[in-house]
Amino acid sequence: MSEATETASTHVNHGKIVFEGLRNARDLGGLPAADGRHIRPRALLRSDTLFPATEHDRARLRDEYHLSLDIDLRSNDECAERPDPVDAFPGLRYVHLPVFSEGGAGVSRSAEDMDVVEARVRAGEIQPADLMIALYPHIVLDQSGIDAYTTFFRELLAHEEGAAIWHCSAGKDRCGMASVLTEVALGVPWELVERDYLATNIFYGIDPKTCEPMEALEGVDPRFLAAAVDALNREFGGIERYLEDVLGVDADAQATLRARYLV
């Protein structure tokens, strides 16, 4: 058993937060990180859309987690269809950072986008896995994605009190890449970064090897993340160089993030 596997015991059940309306809400707290430290609990949260959060869920986010920063990575159409319940959180800073300036087929969960994707899948024009493998590099390479993740880190660097949450619609692709980048910046071992990314399948009950074609879009696959990482290796020399040279998360910024979010 690797050291990363042993120390992952502090991050129980992948940080799953059991809510009534949210299926993929997780606390990064407890993940082993740089210098033998781990991510501070109740500080950095990732989730699917907050729209279905019940009154009980909202109360927990407000009173237990002291939610004060909400970073929404969805498109304009998704936000209009299922807006975040921002009024439930007094003093909340809501930041809309669309990773795609327009709907991204298979990633955006707007009704129109998913209707188009489903029609093409059922017609045999595309395979969901191939669609996602082709799309993932755009999450990190398109200017809209670069702008979104650059501002995402600026918000985390400026955030001082209460929990920060980031989400897309399903909490797995755009949110997943934000989580990957954050964990790398905080020094989480790559084995655990990948494990956190893939945990979405547990909470949605998806097995990429046996699920139906449209169900594949509800989960994640190691090949999706590899496509993004391969693109970053090719274009920038790796995910660390992307963080530093493209997103502006240099050594000083990483030191600030680690001082703030690690214990």
# chains A, B, ... in the order shown; residues from 1 in each chain; ligands from 1
>>> residues_around(residues="range 53-70 of chain A", least_positions_apart="4", cutoff="7 Å", atoms="only C-alpha atoms", output="ChimeraX atom specification")
/A:19-22,42,88-89,91-95,162-166
>>> write_last_selection(atoms="N, CA, C and O atoms", output="PDB file, in the first residue's frame")
ATOM      1  N   PHE A  19     -26.443  15.069   1.636  1.00  0.00           N
ATOM      2  CA  PHE A  19     -27.516  16.051   1.591  1.00  0.00           C
ATOM      3  C   PHE A  19     -28.773  15.384   1.050  1.00  0.00           C
ATOM      4  O   PHE A  19     -28.731  14.287   0.489  1.00  0.00           O
ATOM      5  N   GLU A  20     -29.892  16.064   1.176  1.00  0.00           N
ATOM      6  CA  GLU A  20     -31.153  15.536   0.670  1.00  0.00           C
ATOM      7  C   GLU A  20     -31.297  15.745  -0.836  1.00  0.00           C
ATOM      8  O   GLU A  20     -31.813  14.883  -1.546  1.00  0.00           O
ATOM      9  N   GLY A  21     -30.838  16.886  -1.335  1.00  0.00           N
ATOM     10  CA  GLY A  21     -31.060  17.217  -2.736  1.00  0.00           C
ATOM     11  C   GLY A  21     -29.829  17.213  -3.609  1.00  0.00           C
ATOM     12  O   GLY A  21     -29.936  17.244  -4.837  1.00  0.00           O
ATOM     13  N   LEU A  22     -28.638  17.174  -2.997  1.00  0.00           N
ATOM     14  CA  LEU A  22     -27.388  17.211  -3.757  1.00  0.00           C
ATOM     15  C   LEU A  22     -26.764  15.820  -3.771  1.00  0.00           C
ATOM     16  O   LEU A  22     -26.619  15.188  -2.725  1.00  0.00           O
ATOM     17  N   ARG A  42     -14.129  21.612   5.962  1.00  0.00           N
ATOM     18  CA  ARG A  42     -15.178  22.629   5.905  1.00  0.00           C
ATOM     19  C   ARG A  42     -14.701  23.949   5.313  1.00  0.00           C
ATOM     20  O   ARG A  42     -15.233  25.008   5.649  1.00  0.00           O
ATOM     21  N   ALA A  88     -30.577  32.328   0.002  1.00  0.00           N
ATOM     22  CA  ALA A  88     -30.606  31.519   1.223  1.00  0.00           C
ATOM     23  C   ALA A  88     -29.362  31.724   2.076  1.00  0.00           C
ATOM     24  O   ALA A  88     -29.303  31.230   3.215  1.00  0.00           O
ATOM     25  N   PHE A  89     -28.384  32.450   1.544  1.00  0.00           N
ATOM     26  CA  PHE A  89     -27.111  32.594   2.239  1.00  0.00           C
ATOM     27  C   PHE A  89     -26.747  34.068   2.393  1.00  0.00           C
ATOM     28  O   PHE A  89     -26.113  34.654   1.507  1.00  0.00           O
ATOM     29  N   GLY A  91     -24.901  37.371   2.927  1.00  0.00           N
ATOM     30  CA  GLY A  91     -23.487  37.697   2.824  1.00  0.00           C
ATOM     31  C   GLY A  91     -22.708  36.857   1.835  1.00  0.00           C
ATOM     32  O   GLY A  91     -21.503  37.022   1.687  1.00  0.00           O
ATOM     33  N   LEU A  92     -23.393  35.948   1.135  1.00  0.00           N
ATOM     34  CA  LEU A  92     -22.711  35.078   0.173  1.00  0.00           C
ATOM     35  C   LEU A  92     -22.166  35.886  -1.002  1.00  0.00           C
ATOM     36  O   LEU A  92     -22.835  36.766  -1.539  1.00  0.00           O
ATOM     37  N   ARG A  93     -20.952  35.565  -1.404  1.00  0.00           N
ATOM     38  CA  ARG A  93     -20.388  36.115  -2.637  1.00  0.00           C
ATOM     39  C   ARG A  93     -20.607  35.087  -3.740  1.00  0.00           C
ATOM     40  O   ARG A  93     -20.063  33.981  -3.689  1.00  0.00           O
ATOM     41  N   TYR A  94     -21.425  35.433  -4.716  1.00  0.00           N
ATOM     42  CA  TYR A  94     -21.716  34.547  -5.841  1.00  0.00           C
ATOM     43  C   TYR A  94     -20.913  35.020  -7.044  1.00  0.00           C
ATOM     44  O   TYR A  94     -20.985  36.186  -7.440  1.00  0.00           O
ATOM     45  N   VAL A  95     -20.134  34.085  -7.627  1.00  0.00           N
ATOM     46  CA  VAL A  95     -19.278  34.419  -8.761  1.00  0.00           C
ATOM     47  C   VAL A  95     -19.595  33.457  -9.901  1.00  0.00           C
ATOM     48  O   VAL A  95     -19.430  32.241  -9.762  1.00  0.00           O
ATOM     49  N   GLY A 162     -15.158  31.260   6.195  1.00  0.00           N
ATOM     50  CA  GLY A 162     -16.252  30.420   5.752  1.00  0.00           C
ATOM     51  C   GLY A 162     -15.823  29.478   4.645  1.00  0.00           C
ATOM     52  O   GLY A 162     -14.677  29.483   4.196  1.00  0.00           O
ATOM     53  N   ALA A 163     -16.765  28.656   4.205  1.00  0.00           N
ATOM     54  CA  ALA A 163     -16.476  27.678   3.161  1.00  0.00           C
ATOM     55  C   ALA A 163     -16.661  28.282   1.777  1.00  0.00           C
ATOM     56  O   ALA A 163     -17.512  29.149   1.566  1.00  0.00           O
ATOM     57  N   ALA A 164     -15.849  27.815   0.853  1.00  0.00           N
ATOM     58  CA  ALA A 164     -16.018  28.110  -0.568  1.00  0.00           C
ATOM     59  C   ALA A 164     -16.524  26.849  -1.249  1.00  0.00           C
ATOM     60  O   ALA A 164     -16.065  25.748  -0.942  1.00  0.00           O
ATOM     61  N   ILE A 165     -17.475  27.022  -2.162  1.00  0.00           N
ATOM     62  CA  ILE A 165     -17.972  25.885  -2.932  1.00  0.00           C
ATOM     63  C   ILE A 165     -17.871  26.226  -4.407  1.00  0.00           C
ATOM     64  O   ILE A 165     -18.048  27.385  -4.790  1.00  0.00           O
ATOM     65  N   TRP A 166     -17.502  25.245  -5.224  1.00  0.00           N
ATOM     66  CA  TRP A 166     -17.545  25.431  -6.674  1.00  0.00           C
ATOM     67  C   TRP A 166     -18.332  24.268  -7.272  1.00  0.00           C
ATOM     68  O   TRP A 166     -18.322  23.160  -6.762  1.00  0.00           O
TER      69      TRP A 166
END
>>> select_by_dssp(residues="range 61-239 of chain A", states="helix (DSSP H, G or I)", output="number ranges by chain")
A: 61-63, 76-81, 86-88, 111-122, 128-141, 143-158, 174-185, 190-198, 200-204, 214-218, 222-236, 239
>>> residues_around(residues="range 25-32 of chain A", least_positions_apart="6", cutoff="6 Å", atoms="only C-alpha atoms", output="short mmCIF file (atom, residue, chain, number, x, y, z; two decimals) with C-alpha atoms, in the first residue's frame")
data_model
loop_
_atom_site.label_atom_id
_atom_site.label_comp_id
_atom_site.auth_asym_id
_atom_site.auth_seq_id
_atom_site.Cartn_x
_atom_site.Cartn_y
_atom_site.Cartn_z
CA THR A 10 -8.32 11.04 6.79
CA HIS A 11 -10.56 11.70 3.76
CA GLY A 15 -15.39 13.57 1.56
CA LYS A 16 -19.02 12.85 0.68
CA ILE A 17 -21.50 15.23 2.35
CA HIS A 38 -3.87 17.97 4.81
CA ILE A 39 -6.65 20.17 3.48
CA ARG A 40 -8.58 21.97 6.20
CA PRO A 41 -12.09 20.53 6.67
CA LEU A 44 -13.18 23.79 0.20
CA LEU A 45 -16.29 22.09 -1.17
CA ARG A 46 -17.16 20.74 -4.62
CA SER A 47 -20.67 19.92 -5.77
CA VAL A 188 -2.20 16.48 -3.06
#
>>> residues_around(residues="Val180 in chain A", least_positions_apart="4", cutoff="9 Å", atoms="only C-alpha atoms", output="JSON, numbers by chain")
{"A": [175, 176, 184, 185, 190, 193, 194, 196, 197]}
>>> select_by_dssp(residues="range 42-218 of chain A", states="strand (DSSP E)", output="PyMOL selection string")
chain A and resi 44-47+67-72+93-96+163-167
>>> write_last_selection(atoms="N, CA, C and O atoms", output="CSV table (one decimal), in the first residue's frame")
chain,number,residue,atom,x,y,z
A,44,LEU,N,-13.1,23.9,1.7
A,44,LEU,CA,-13.2,23.8,0.2
A,44,LEU,C,-14.2,22.7,-0.2
A,44,LEU,O,-13.9,21.5,0.1
A,45,LEU,N,-15.2,23.0,-0.8
A,45,LEU,CA,-16.3,22.1,-1.2
A,45,LEU,C,-16.5,22.1,-2.7
A,45,LEU,O,-16.4,23.1,-3.3
A,46,ARG,N,-16.8,20.9,-3.2
A,46,ARG,CA,-17.2,20.7,-4.6
A,46,ARG,C,-18.5,20.1,-4.7
A,46,ARG,O,-18.9,19.3,-3.8
A,47,SER,N,-19.3,20.4,-5.7
A,47,SER,CA,-20.7,19.9,-5.8
A,47,SER,C,-21.3,19.9,-7.2
A,47,SER,O,-20.7,20.5,-8.1
A,67,LEU,N,-21.1,28.8,4.5
A,67,LEU,CA,-20.8,29.1,3.1
A,67,LEU,C,-20.8,30.6,2.8
A,67,LEU,O,-21.8,31.3,3.1
A,68,SER,N,-19.7,31.0,2.3
A,68,SER,CA,-19.6,32.5,2.0
A,68,SER,C,-19.1,32.8,0.6
A,68,SER,O,-19.1,33.9,0.1
A,69,LEU,N,-18.7,31.7,-0.2
A,69,LEU,CA,-18.3,31.9,-1.6
A,69,LEU,C,-18.9,30.8,-2.4
A,69,LEU,O,-18.6,29.6,-2.1
A,70,ASP,N,-19.6,31.2,-3.5
A,70,ASP,CA,-20.2,30.2,-4.4
A,70,ASP,C,-19.7,30.5,-5.8
A,70,ASP,O,-20.0,31.6,-6.4
A,71,ILE,N,-18.9,29.6,-6.4
A,71,ILE,CA,-18.3,29.8,-7.7
A,71,ILE,C,-19.1,28.8,-8.7
A,71,ILE,O,-19.0,27.6,-8.5
A,72,ASP,N,-19.8,29.4,-9.6
A,72,ASP,CA,-20.7,28.7,-10.5
A,72,ASP,C,-20.0,28.6,-11.9
A,72,ASP,O,-19.8,29.7,-12.5
A,93,ARG,N,-21.0,35.6,-1.4
A,93,ARG,CA,-20.4,36.1,-2.6
A,93,ARG,C,-20.6,35.1,-3.7
A,93,ARG,O,-20.1,34.0,-3.7
A,94,TYR,N,-21.4,35.4,-4.7
A,94,TYR,CA,-21.7,34.5,-5.8
A,94,TYR,C,-20.9,35.0,-7.0
A,94,TYR,O,-21.0,36.2,-7.4
A,95,VAL,N,-20.1,34.1,-7.6
A,95,VAL,CA,-19.3,34.4,-8.8
A,95,VAL,C,-19.6,33.5,-9.9
A,95,VAL,O,-19.4,32.2,-9.8
A,96,HIS,N,-20.0,34.0,-11.0
A,96,HIS,CA,-20.4,33.2,-12.2
A,96,HIS,C,-19.2,33.2,-13.1
A,96,HIS,O,-18.8,34.2,-13.7
A,163,ALA,N,-16.8,28.7,4.2
A,163,ALA,CA,-16.5,27.7,3.2
A,163,ALA,C,-16.7,28.3,1.8
A,163,ALA,O,-17.5,29.1,1.6
A,164,ALA,N,-15.8,27.8,0.9
A,164,ALA,CA,-16.0,28.1,-0.6
A,164,ALA,C,-16.5,26.8,-1.2
A,164,ALA,O,-16.1,25.7,-0.9
A,165,ILE,N,-17.5,27.0,-2.2
A,165,ILE,CA,-18.0,25.9,-2.9
A,165,ILE,C,-17.9,26.2,-4.4
A,165,ILE,O,-18.0,27.4,-4.8
A,166,TRP,N,-17.5,25.2,-5.2
A,166,TRP,CA,-17.5,25.4,-6.7
A,166,TRP,C,-18.3,24.3,-7.3
A,166,TRP,O,-18.3,23.2,-6.8
A,167,HIS,N,-19.0,24.6,-8.3
A,167,HIS,CA,-19.9,23.5,-8.9
A,167,HIS,C,-20.2,23.9,-10.4
A,167,HIS,O,-20.0,25.0,-10.8
>>> closest_residue(among="A:Ala178, A:Leu141, A:Ile206, A:Val220", to="Asn233 in chain A", atoms="only C-alpha atoms")
A:Leu141
>>> closest_residue(among="A:Pro90, A:Gly171, A:Gly248, A:Pro98", to="Leu198 in chain A", atoms="only C-alpha atoms")
A:Gly171
>>> residues_around(residues="Ile133 in chain A", least_positions_apart="2", cutoff="12 Å", atoms="only C-alpha atoms", output="MDAnalysis selection string")
chainID A and resid 105:107 126:131 135:139 173 216:217 220:231
>>> write_last_selection(atoms="C-alpha atoms", output="mmCIF file, in the first residue's frame")
data_model
loop_
_atom_site.group_PDB
_atom_site.id
_atom_site.type_symbol
_atom_site.label_atom_id
_atom_site.label_comp_id
_atom_site.auth_asym_id
_atom_site.auth_seq_id
_atom_site.Cartn_x
_atom_site.Cartn_y
_atom_site.Cartn_z
ATOM 1 C CA ALA A 105 -22.084 19.350 -25.913
ATOM 2 C CA GLY A 106 -22.023 16.639 -23.248
ATOM 3 C CA VAL A 107 -20.661 18.907 -20.528
ATOM 4 C CA ILE A 126 -21.227 9.806 -31.798
ATOM 5 C CA GLN A 127 -20.082 7.682 -28.881
ATOM 6 C CA PRO A 128 -20.335 9.422 -25.501
ATOM 7 C CA ALA A 129 -16.817 8.435 -24.415
ATOM 8 C CA ASP A 130 -15.308 9.733 -27.661
ATOM 9 C CA LEU A 131 -17.303 12.931 -27.285
ATOM 10 C CA LEU A 135 -14.161 17.797 -25.335
ATOM 11 C CA TYR A 136 -12.000 17.670 -22.205
ATOM 12 C CA PRO A 137 -8.992 19.490 -23.709
ATOM 13 C CA HIS A 138 -11.311 22.398 -24.512
ATOM 14 C CA ILE A 139 -12.176 22.746 -20.822
ATOM 15 C CA ASP A 173 -16.276 17.798 -15.526
ATOM 16 C CA ALA A 216 -21.749 7.367 -19.681
ATOM 17 C CA LEU A 217 -22.331 11.108 -19.785
ATOM 18 C CA VAL A 220 -16.360 10.106 -15.528
ATOM 19 C CA ASP A 221 -13.626 8.006 -17.057
ATOM 20 C CA PRO A 222 -9.839 8.027 -16.569
ATOM 21 C CA ARG A 223 -9.537 8.678 -20.301
ATOM 22 C CA PHE A 224 -11.395 11.978 -19.959
ATOM 23 C CA LEU A 225 -8.958 13.344 -17.389
ATOM 24 C CA ALA A 226 -6.019 11.908 -19.348
ATOM 25 C CA ALA A 227 -7.157 13.809 -22.446
ATOM 26 C CA ALA A 228 -7.010 17.099 -20.540
ATOM 27 C CA VAL A 229 -3.669 16.285 -18.932
ATOM 28 C CA ASP A 230 -2.187 15.181 -22.266
ATOM 29 C CA ALA A 231 -3.287 18.497 -23.780
#
>>> atom_distance(atom1="CA of Arg154 in chain A", atom2="CA of Ala253 in chain A")
9.2 Å
>>> atom_distance(atom1="CA of Asp147 in chain A", atom2="CA of Gly219 in chain A")
25.4 Å
